[in-house]
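Student: Structure supplied as work.txt; contents: compact mmCIF, C-alpha atoms and all ligand atoms.
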```txt
# COMPACT_ATOMS: atom_id res chain seq x y z
CA MET A 117 -29.76 -74.01 -41.42
CA GLU A 118 -33.21 -75.53 -41.68
CA VAL A 119 -34.78 -75.69 -45.16
CA ILE A 120 -38.53 -76.27 -45.38
CA ILE A 121 -39.94 -77.03 -48.83
CA GLN A 122 -43.68 -76.59 -49.33
CA PRO A 123 -45.55 -77.73 -52.44
CA SER A 124 -47.01 -74.27 -53.14
CA ALA A 125 -46.28 -70.59 -52.57
CA ASP A 126 -49.45 -70.27 -50.48
CA LEU A 127 -48.33 -73.03 -48.11
CA ALA A 128 -44.84 -71.54 -47.89
CA ALA A 129 -46.32 -68.15 -46.90
CA GLN A 130 -48.57 -69.89 -44.35
CA THR A 131 -45.51 -71.55 -42.79
CA VAL A 132 -43.74 -68.21 -42.45
CA ALA A 133 -46.85 -66.46 -41.05
CA GLU A 134 -47.28 -69.30 -38.55
CA ILE A 135 -43.67 -69.03 -37.33
CA ILE A 136 -44.08 -65.26 -36.87
CA ALA A 137 -47.43 -65.68 -35.10
CA GLN A 138 -46.02 -68.32 -32.75
CA ALA A 139 -43.04 -66.11 -31.88
CA LEU A 140 -45.33 -63.14 -31.24
CA SER A 141 -47.74 -65.17 -29.10
CA ALA A 142 -44.85 -66.55 -27.04
CA GLN A 143 -43.35 -63.07 -26.60
CA PRO A 144 -45.83 -60.21 -27.08
CA ASP A 145 -43.10 -57.55 -26.93
CA LEU A 146 -41.13 -59.26 -29.68
CA VAL A 147 -38.68 -57.16 -31.70
CA LEU A 148 -39.47 -58.16 -35.26
CA GLY A 149 -37.34 -57.41 -38.32
CA LEU A 150 -39.52 -56.97 -41.41
CA ALA A 151 -39.02 -57.09 -45.17
CA THR A 152 -40.84 -55.67 -48.17
CA GLY A 153 -41.28 -57.14 -51.66
CA CYS A 154 -44.12 -58.95 -53.41
CA THR A 155 -43.22 -62.25 -51.71
CA MET A 156 -44.10 -60.74 -48.33
CA GLU A 157 -47.56 -59.53 -49.34
CA SER A 158 -49.27 -62.86 -48.71
CA VAL A 159 -47.45 -63.26 -45.38
CA TYR A 160 -48.78 -59.89 -44.22
CA ASP A 161 -52.29 -60.75 -45.46
CA LEU A 162 -52.14 -63.93 -43.36
CA LEU A 163 -50.91 -62.04 -40.28
CA VAL A 164 -53.78 -59.54 -40.69
CA GLN A 165 -56.17 -62.49 -40.93
CA LYS A 166 -54.71 -64.00 -37.73
CA HIS A 167 -55.13 -60.63 -36.02
CA GLN A 168 -58.78 -60.41 -37.09
CA ASP A 169 -59.81 -64.05 -36.58
CA GLN A 170 -57.61 -65.18 -33.69
CA GLY A 171 -56.82 -61.88 -31.99
CA LEU A 172 -53.09 -62.04 -32.74
CA ASP A 173 -51.88 -59.07 -30.72
CA PHE A 174 -49.32 -56.61 -32.13
CA SER A 175 -49.84 -53.92 -29.47
CA GLN A 176 -46.52 -54.53 -27.68
CA CYS A 177 -44.49 -55.64 -30.69
CA ARG A 178 -41.76 -53.37 -32.10
CA THR A 179 -40.64 -53.61 -35.71
CA PHE A 180 -37.56 -52.65 -37.69
CA ASN A 181 -37.64 -52.82 -41.47
CA LEU A 182 -34.60 -53.80 -43.47
CA ASP A 183 -34.46 -50.84 -45.80
CA GLU A 184 -35.89 -47.73 -47.46
CA TYR A 185 -35.15 -45.87 -50.68
CA VAL A 186 -33.14 -42.66 -50.45
CA GLY A 187 -35.19 -39.61 -51.47
CA LEU A 188 -38.69 -41.06 -51.04
CA SER A 189 -40.95 -39.61 -48.35
CA PRO A 190 -43.15 -41.90 -46.20
CA GLU A 191 -46.19 -40.59 -48.13
CA ASP A 192 -44.73 -41.64 -51.49
CA PRO A 193 -46.74 -44.68 -52.68
CA CYS A 194 -43.46 -46.26 -53.90
CA SER A 195 -41.76 -45.96 -50.50
CA TYR A 196 -41.36 -48.89 -48.14
CA HIS A 197 -42.95 -46.78 -45.35
CA TYR A 198 -46.09 -46.63 -47.48
CA PHE A 199 -45.91 -50.34 -48.38
CA MET A 200 -45.66 -51.36 -44.73
CA ARG A 201 -48.54 -49.14 -43.59
CA ARG A 202 -50.78 -50.35 -46.38
CA ARG A 203 -49.87 -54.04 -46.17
CA LEU A 204 -49.57 -54.45 -42.38
CA PHE A 205 -49.34 -51.56 -39.90
CA ASP A 206 -52.71 -49.93 -40.72
CA ARG A 207 -54.44 -53.32 -40.62
CA VAL A 208 -53.33 -54.58 -37.19
CA ASN A 209 -53.17 -53.05 -33.70
CA ILE A 210 -49.53 -51.96 -33.74
CA PRO A 211 -48.95 -48.35 -32.61
CA LEU A 212 -47.13 -46.57 -35.46
CA SER A 213 -44.63 -45.30 -32.86
CA HIS A 214 -43.49 -48.93 -32.43
CA THR A 215 -42.62 -49.27 -36.13
CA HIS A 216 -39.28 -48.25 -37.55
CA LEU A 217 -37.87 -47.84 -41.04
CA PRO A 218 -34.75 -45.95 -42.04
CA ASN A 219 -35.46 -42.34 -43.01
CA GLY A 220 -34.49 -42.03 -46.66
CA MET A 221 -35.17 -38.26 -46.49
CA ALA A 222 -32.66 -37.56 -43.72
CA SER A 223 -30.41 -34.58 -44.47
CA ASP A 224 -27.47 -36.48 -42.96
CA LEU A 225 -27.82 -40.02 -44.28
CA ALA A 226 -24.68 -41.33 -42.55
CA ALA A 227 -25.97 -40.08 -39.18
CA GLU A 228 -29.36 -41.68 -39.90
CA CYS A 229 -27.66 -45.06 -40.46
CA VAL A 230 -25.84 -44.83 -37.11
CA HIS A 231 -29.07 -43.74 -35.43
CA TYR A 232 -30.92 -46.76 -36.87
CA GLU A 233 -28.30 -49.18 -35.56
CA ASP A 234 -28.47 -47.48 -32.13
CA LEU A 235 -32.24 -47.74 -32.09
CA ILE A 236 -32.11 -51.48 -32.77
CA GLN A 237 -29.62 -51.90 -29.92
CA ALA A 238 -31.68 -49.71 -27.58
CA ASN A 239 -34.65 -52.00 -28.21
CA GLY A 240 -32.62 -55.07 -27.27
CA GLY A 241 -31.75 -56.30 -30.78
CA ILE A 242 -33.90 -58.10 -33.32
CA ALA A 243 -35.37 -61.39 -32.12
CA LEU A 244 -36.79 -62.59 -35.43
CA GLN A 245 -35.69 -61.16 -38.79
CA VAL A 246 -37.97 -61.88 -41.74
CA LEU A 247 -36.22 -61.81 -45.12
CA GLY A 248 -36.92 -62.08 -48.81
CA ILE A 249 -34.21 -62.49 -51.43
CA GLY A 250 -33.47 -60.40 -54.50
CA ARG A 251 -32.74 -62.01 -57.86
CA ASN A 252 -29.05 -61.22 -57.39
CA GLY A 253 -29.08 -62.81 -53.93
CA HIS A 254 -29.37 -59.59 -51.95
CA LEU A 255 -30.78 -59.41 -48.44
CA GLY A 256 -32.44 -56.06 -47.79
CA PHE A 257 -30.52 -53.96 -50.29
CA ASN A 258 -27.13 -55.53 -49.64
CA GLU A 259 -25.98 -55.71 -53.21
CA PRO A 260 -23.21 -58.02 -54.46
CA LEU A 261 -19.88 -57.34 -52.74
CA SER A 262 -21.54 -56.18 -49.51
CA ALA A 263 -19.23 -57.17 -46.66
CA PHE A 264 -20.59 -59.89 -44.39
CA ARG A 265 -19.77 -57.60 -41.45
CA SER A 266 -21.42 -54.50 -42.98
CA ARG A 267 -23.77 -52.39 -40.87
CA THR A 268 -26.67 -50.09 -41.78
CA ARG A 269 -25.50 -47.79 -44.55
CA VAL A 270 -26.32 -46.20 -47.90
CA GLN A 271 -26.09 -48.63 -50.83
CA THR A 272 -26.05 -47.85 -54.53
CA LEU A 273 -28.56 -50.14 -56.21
CA SER A 274 -27.47 -52.38 -59.05
CA ARG A 275 -29.17 -52.23 -62.42
CA VAL A 276 -30.57 -55.74 -61.82
CA THR A 277 -32.22 -54.60 -58.60
CA ARG A 278 -33.57 -51.39 -60.11
CA ALA A 279 -34.99 -53.42 -63.01
CA GLN A 280 -36.49 -55.97 -60.60
CA ASN A 281 -38.26 -53.25 -58.61
CA ALA A 282 -39.16 -51.08 -61.64
CA PRO A 283 -42.70 -52.51 -62.06
CA LEU A 284 -43.58 -50.84 -58.75
CA PHE A 285 -42.65 -47.39 -60.12
CA PRO A 286 -44.28 -45.31 -62.88
CA THR A 287 -41.08 -45.45 -64.97
CA PHE A 288 -37.64 -47.11 -64.68
CA LYS A 289 -36.04 -43.67 -64.37
CA GLN A 290 -38.00 -43.02 -61.20
CA VAL A 291 -36.52 -46.04 -59.40
CA PRO A 292 -34.13 -44.50 -56.86
CA ARG A 293 -30.43 -45.14 -57.33
CA GLN A 294 -29.70 -45.50 -53.62
CA ALA A 295 -31.23 -46.95 -50.48
CA ILE A 296 -30.48 -47.20 -46.78
CA THR A 297 -30.21 -50.84 -45.77
CA MET A 298 -29.39 -52.79 -42.65
CA GLY A 299 -25.99 -54.37 -43.24
CA VAL A 300 -25.35 -58.09 -43.60
CA GLY A 301 -23.73 -57.96 -40.16
CA THR A 302 -26.82 -56.25 -38.73
CA ILE A 303 -29.01 -59.03 -40.15
CA LEU A 304 -26.71 -61.78 -38.86
CA ASP A 305 -26.99 -60.27 -35.34
CA ALA A 306 -30.70 -61.14 -35.23
CA HIS A 307 -31.43 -64.00 -32.86
CA ARG A 308 -33.28 -65.90 -35.60
CA CYS A 309 -33.51 -65.38 -39.38
CA LEU A 310 -36.47 -66.52 -41.46
CA LEU A 311 -36.25 -66.26 -45.25
CA LEU A 312 -39.09 -66.86 -47.69
CA ALA A 313 -38.53 -67.37 -51.42
CA THR A 314 -41.07 -68.54 -53.97
CA GLY A 315 -41.21 -68.97 -57.72
CA VAL A 316 -38.92 -70.50 -60.30
CA GLU A 317 -37.20 -67.16 -61.01
CA LYS A 318 -35.63 -67.40 -57.54
CA ALA A 319 -34.50 -71.05 -57.91
CA GLU A 320 -30.99 -70.39 -59.16
CA VAL A 321 -30.09 -67.76 -56.61
CA VAL A 322 -31.68 -69.78 -53.79
CA ALA A 323 -29.44 -72.74 -54.69
CA LYS A 324 -26.39 -70.46 -54.69
CA ALA A 325 -27.34 -68.98 -51.30
CA ILE A 326 -28.04 -72.32 -49.60
CA GLU A 327 -25.56 -74.69 -51.26
CA GLY A 328 -23.03 -72.45 -52.94
CA PRO A 329 -19.81 -71.15 -51.43
CA LEU A 330 -19.91 -68.27 -48.98
CA THR A 331 -19.45 -65.23 -51.16
CA ALA A 332 -20.14 -61.54 -50.87
CA MET A 333 -21.34 -61.81 -54.50
CA VAL A 334 -24.47 -63.54 -53.11
CA THR A 335 -25.09 -61.83 -49.80
CA ALA A 336 -27.79 -64.35 -48.78
CA SER A 337 -25.05 -67.02 -48.62
CA ALA A 338 -24.01 -65.27 -45.36
CA LEU A 339 -27.03 -66.96 -43.78
CA GLN A 340 -25.00 -70.20 -43.81
CA LEU A 341 -23.09 -68.59 -40.92
CA HIS A 342 -26.22 -67.97 -38.85
CA PRO A 343 -26.83 -70.38 -35.95
CA HIS A 344 -30.65 -70.24 -36.18
CA CYS A 345 -31.81 -69.71 -39.73
CA THR A 346 -34.96 -71.15 -41.32
CA ILE A 347 -35.48 -70.97 -45.08
CA VAL A 348 -38.97 -71.61 -46.41
CA LEU A 349 -39.37 -72.34 -50.12
CA ASP A 350 -42.07 -73.45 -52.49
CA ALA A 351 -41.28 -76.37 -54.81
CA ALA A 352 -40.42 -74.01 -57.69
CA ALA A 353 -37.87 -71.98 -55.71
CA ALA A 354 -36.38 -75.25 -54.40
CA SER A 355 -36.13 -76.85 -57.83
CA ARG A 356 -32.40 -76.17 -58.36
CA LEU A 357 -31.20 -77.50 -54.99
CA GLN A 358 -28.76 -80.42 -55.26
CA GLU A 359 -29.58 -81.94 -51.87
CA HIS A 360 -33.31 -81.48 -52.36
CA ASP A 361 -34.23 -84.89 -50.87
CA HIS A 362 -32.21 -84.27 -47.74
CA TYR A 363 -34.18 -81.17 -46.72
CA HIS A 364 -37.41 -81.07 -44.79
CA GLN A 365 -40.27 -81.72 -47.18
CA ALA A 366 -43.45 -80.43 -45.58
CA HIS A 367 -46.69 -82.31 -46.24
C1 LIG A 401 -36.46 -55.69 -52.55
C2 LIG A 401 -36.20 -55.62 -51.06
C3 LIG A 401 -35.69 -56.96 -50.54
C4 LIG A 401 -36.58 -58.08 -51.03
C5 LIG A 401 -36.59 -58.09 -52.53
C6 LIG A 401 -37.40 -59.24 -53.10
O1 LIG A 401 -35.29 -55.59 -53.28
N1 LIG A 401 -35.25 -54.60 -50.74
O2 LIG A 401 -35.66 -56.94 -49.12
O3 LIG A 401 -36.10 -59.30 -50.54
O4 LIG A 401 -37.15 -56.85 -52.94
O5 LIG A 401 -38.59 -58.80 -53.63
P1 LIG A 401 -39.74 -59.73 -54.21
O6 LIG A 401 -40.32 -60.44 -53.03
O7 LIG A 401 -40.68 -58.76 -54.84
O8 LIG A 401 -39.11 -60.68 -55.17
```
Can you turn what I pasted into C-alpha cells?
Tutor:
Amino acid sequence: MEVIIQPSADLAAQTVAEIIAQALSAQPDLVLGLATGCTMESVYDLLVQKHQDQGLDFSQCRTFNLDEYVGLSPEDPCSYHYFMRRRLFDRVNIPLSHTHLPNGMASDLAAECVHYEDLIQANGGIALQVLGIGRNGHLGFNEPLSAFRSRTRVQTLSRVTRAQNAPLFPTFKQVPRQAITMGVGTILDAHRCLLLATGVEKAEVVAKAIEGPLTAMVTASALQLHPHCTIVLDAAAASRLQEHDHYHQAH
C-alpha cells in the first residue's frame, strides 16, 4: 500500500486526478471504476478541466460506478446516476452508453447484481478503481460486516451512513434504506485501487483502515490485501496515523 499525504485537500484531489489522467492517456480504452460523494466532486472538476484544456480524451473509456440507491430513478436529483452525469459524464466526451451504474429500479434486484458483475467481466475487469471512504469505513456501500469476498449485492444502509448522506436529500426520511453496491471482493479484483480521503472527520477511520487490523467492521481495511493500492490523503485526514513520518509526504 502506498500512502501519499498532501498538505491540502486541493492538492490531494489534484494528485488523484493526475493519476487517473495518466492512466487514461496511457490506455484510452481504460475500464475505470468510479465513486460518488462530496470528496470526488473536486476530482471530477479537475478531470473536466483536463478535458477542456489538455484534450484529455474519454471517448473510448468505459466506466463502472460502485453503487446506486435502491428505488431512485436515474432522473432523481439524489441518485448517483444524476450525480455522475452532472459532475462528469455530461461535461466530457464519454458516450453515455460507455457508462455503467447499477440499476436501483430493477424489478429483480438480485438478477441486476449478477448482471452488473457479468458486465464488468465482459469488459475485461476494472483497471483502476477510484474510491472514497464513508465515516464508518465503508467502500461503496459495503457497510460494517460486509464479507471481504462479497460481490455486487443489495445492502441495507446503516443509520450512520444514512445520516452522513442525509444533507443531500430533502429530509432524512427520504434517504433510501438500501443500495446496490459492488462487493468488497469485486473492488479487490480491480487491477489498481486509488482511495481519496480528506478532512479531519475522516482521520479516525482512515487510521483504522490503513493501520488497524483487517476487519469486516471497517471494510476499507480490506485494501491492505490489495497488491496495488494508493491512498491519497490531506494532512487533516492523515492526522491520526501512527506511522505518519514513514509515509510518502508530497511537497
Ligand atoms: C457514499 C458513497 C461512498 C463514498 C462515501 C463518502 O456513502 N456510497 O462510495 O465513499 O459516500 O462520501 P463523502 O466523500 O461525501 O464523504
Student: As a count of residues only, please: every protein or nucleic acid residue near ligand LIG 401 (chain A) (cut-off 10 Å, counting all atoms listed in the file).
Tutor: 49
Student: At most 10 Å from (-25.1, -63.4, -34.7), file frame, only C-alpha atoms: which residues, as an MDAnalysis selection string?
Tutor: chainID A and resid 301:309 339 341:344
Student: Let me know the centre plus edge lengths, in Å and rounded to one decimal, of a box with edges along x, y and z that contains all listed atoms of stretch 171-179 of chain A and is padded by 4 Å on every side, as AutoDock Vina command-line options.
Tutor:
```
--center_x -48.7 --center_y -57.7 --center_z -31.7 --size_x 24.2 --size_y 16.7 --size_z 16.0
```
Student: One decimal, in Å: what's the spacing between atom CA of A:His214 and atom CA of A:Leu310?
Tutor: 21.0 Å
Student: Can you tell me, as an NGL selection string, what residues are no more than 10 Å from A:Glu233 when counting all atoms listed in the file, ignoring any on the same chain fewer than 5 positions away?
Tutor: :A and (218 or 228 or 238 or 241 or 267-269 or 298-299 or 302)
Student: Within 9 Å of stretch 190-194 of chain A, counting all atoms listed in the file, which residues show up once you throw out same-chain ones fewer than 3 positions away? Write them as a PDB file with C-alpha atoms, keeping the file's coordinate frame, please.
Tutor:
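Full text of result.pdb as output:
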```
ATOM      1  CA  TYR A 185     -35.150 -45.870 -50.680  1.00  0.00           C
ATOM      2  CA  HIS A 197     -42.950 -46.780 -45.350  1.00  0.00           C
ATOM      3  CA  TYR A 198     -46.090 -46.630 -47.480  1.00  0.00           C
ATOM      4  CA  PHE A 199     -45.910 -50.340 -48.380  1.00  0.00           C
ATOM      5  CA  ASN A 219     -35.460 -42.340 -43.010  1.00  0.00           C
ATOM      6  CA  GLY A 220     -34.490 -42.030 -46.660  1.00  0.00           C
ATOM      7  CA  MET A 221     -35.170 -38.260 -46.490  1.00  0.00           C
ATOM      8  CA  LEU A 284     -43.580 -50.840 -58.750  1.00  0.00           C
ATOM      9  CA  PHE A 285     -42.650 -47.390 -60.120  1.00  0.00           C
ATOM     10  CA  VAL A 291     -36.520 -46.040 -59.400  1.00  0.00           C
TER      11      VAL A 291
END
```
Student: Could you work out how far atom CA of A:Asp350 lies from atom CA of A:Val164, giving the answer in Å with one decimal?
Tutor: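 Taking atom CA of A:Val164 and atom CA of A:Asp350, their separation equals 21.7 Å.
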Student: Would you compute the distance between atom CA of A:Gln168 and atom CA of A:Asn209? Give it in Å to one decimal.
Tutor: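 Answer for the atom CA of A:Gln168 to atom CA of A:Asn209 separation: 9.9 Å.
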Student: Kindly indicate which residue among A:Cys345, A:Ala338, A:Ala129, A:Leu235 lies nearest to A:Arg265, using only C-alpha atoms for the distances.
Tutor: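 Once distances to A:Arg265 are computed over only C-alpha atoms, the minimum belongs to A:Ala338.
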Student: With distances taken over all atoms listed in the file, which residue among A:Leu212, A:Ile136, A:Leu357, A:Pro144 lies nearest A:Ala325?
Tutor: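 Among the listed residues, A:Leu357 lies closest to A:Ala325.
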Student: Go through A:Leu188, A:Val316, A:Ala222, A:Val348 and flag the residue nearest A:Val159, using all atoms listed in the file for the distances.
Tutor: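 Closest to A:Val159, using all atoms listed in the file: A:Val348.
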Student: Residues at most 12 Å from A:Ser175, counting all atoms listed in the file, excluding those fewer than 6 positions away in the same chain, as a ChimeraX atom specification?
Tutor: /A:140-141,143-147,167,205,208-215
Student: May I have the residues from that selection written out with C-alpha atoms, as a PDB file, in the frame of the given file?
Tutor:
```
ATOM      1  CA  LEU A 140     -45.330 -63.140 -31.240  1.00  0.00           C
ATOM      2  CA  SER A 141     -47.740 -65.170 -29.100  1.00  0.00           C
ATOM      3  CA  GLN A 143     -43.350 -63.070 -26.600  1.00  0.00           C
ATOM      4  CA  PRO A 144     -45.830 -60.210 -27.080  1.00  0.00           C
ATOM      5  CA  ASP A 145     -43.100 -57.550 -26.930  1.00  0.00           C
ATOM      6  CA  LEU A 146     -41.130 -59.260 -29.680  1.00  0.00           C
ATOM      7  CA  VAL A 147     -38.680 -57.160 -31.700  1.00  0.00           C
ATOM      8  CA  HIS A 167     -55.130 -60.630 -36.020  1.00  0.00           C
ATOM      9  CA  PHE A 205     -49.340 -51.560 -39.900  1.00  0.00           C
ATOM     10  CA  VAL A 208     -53.330 -54.580 -37.190  1.00  0.00           C
ATOM     11  CA  ASN A 209     -53.170 -53.050 -33.700  1.00  0.00           C
ATOM     12  CA  ILE A 210     -49.530 -51.960 -33.740  1.00  0.00           C
ATOM     13  CA  PRO A 211     -48.950 -48.350 -32.610  1.00  0.00           C
ATOM     14  CA  LEU A 212     -47.130 -46.570 -35.460  1.00  0.00           C
ATOM     15  CA  SER A 213     -44.630 -45.300 -32.860  1.00  0.00           C
ATOM     16  CA  HIS A 214     -43.490 -48.930 -32.430  1.00  0.00           C
ATOM     17  CA  THR A 215     -42.620 -49.270 -36.130  1.00  0.00           C
TER      18      THR A 215
END
```
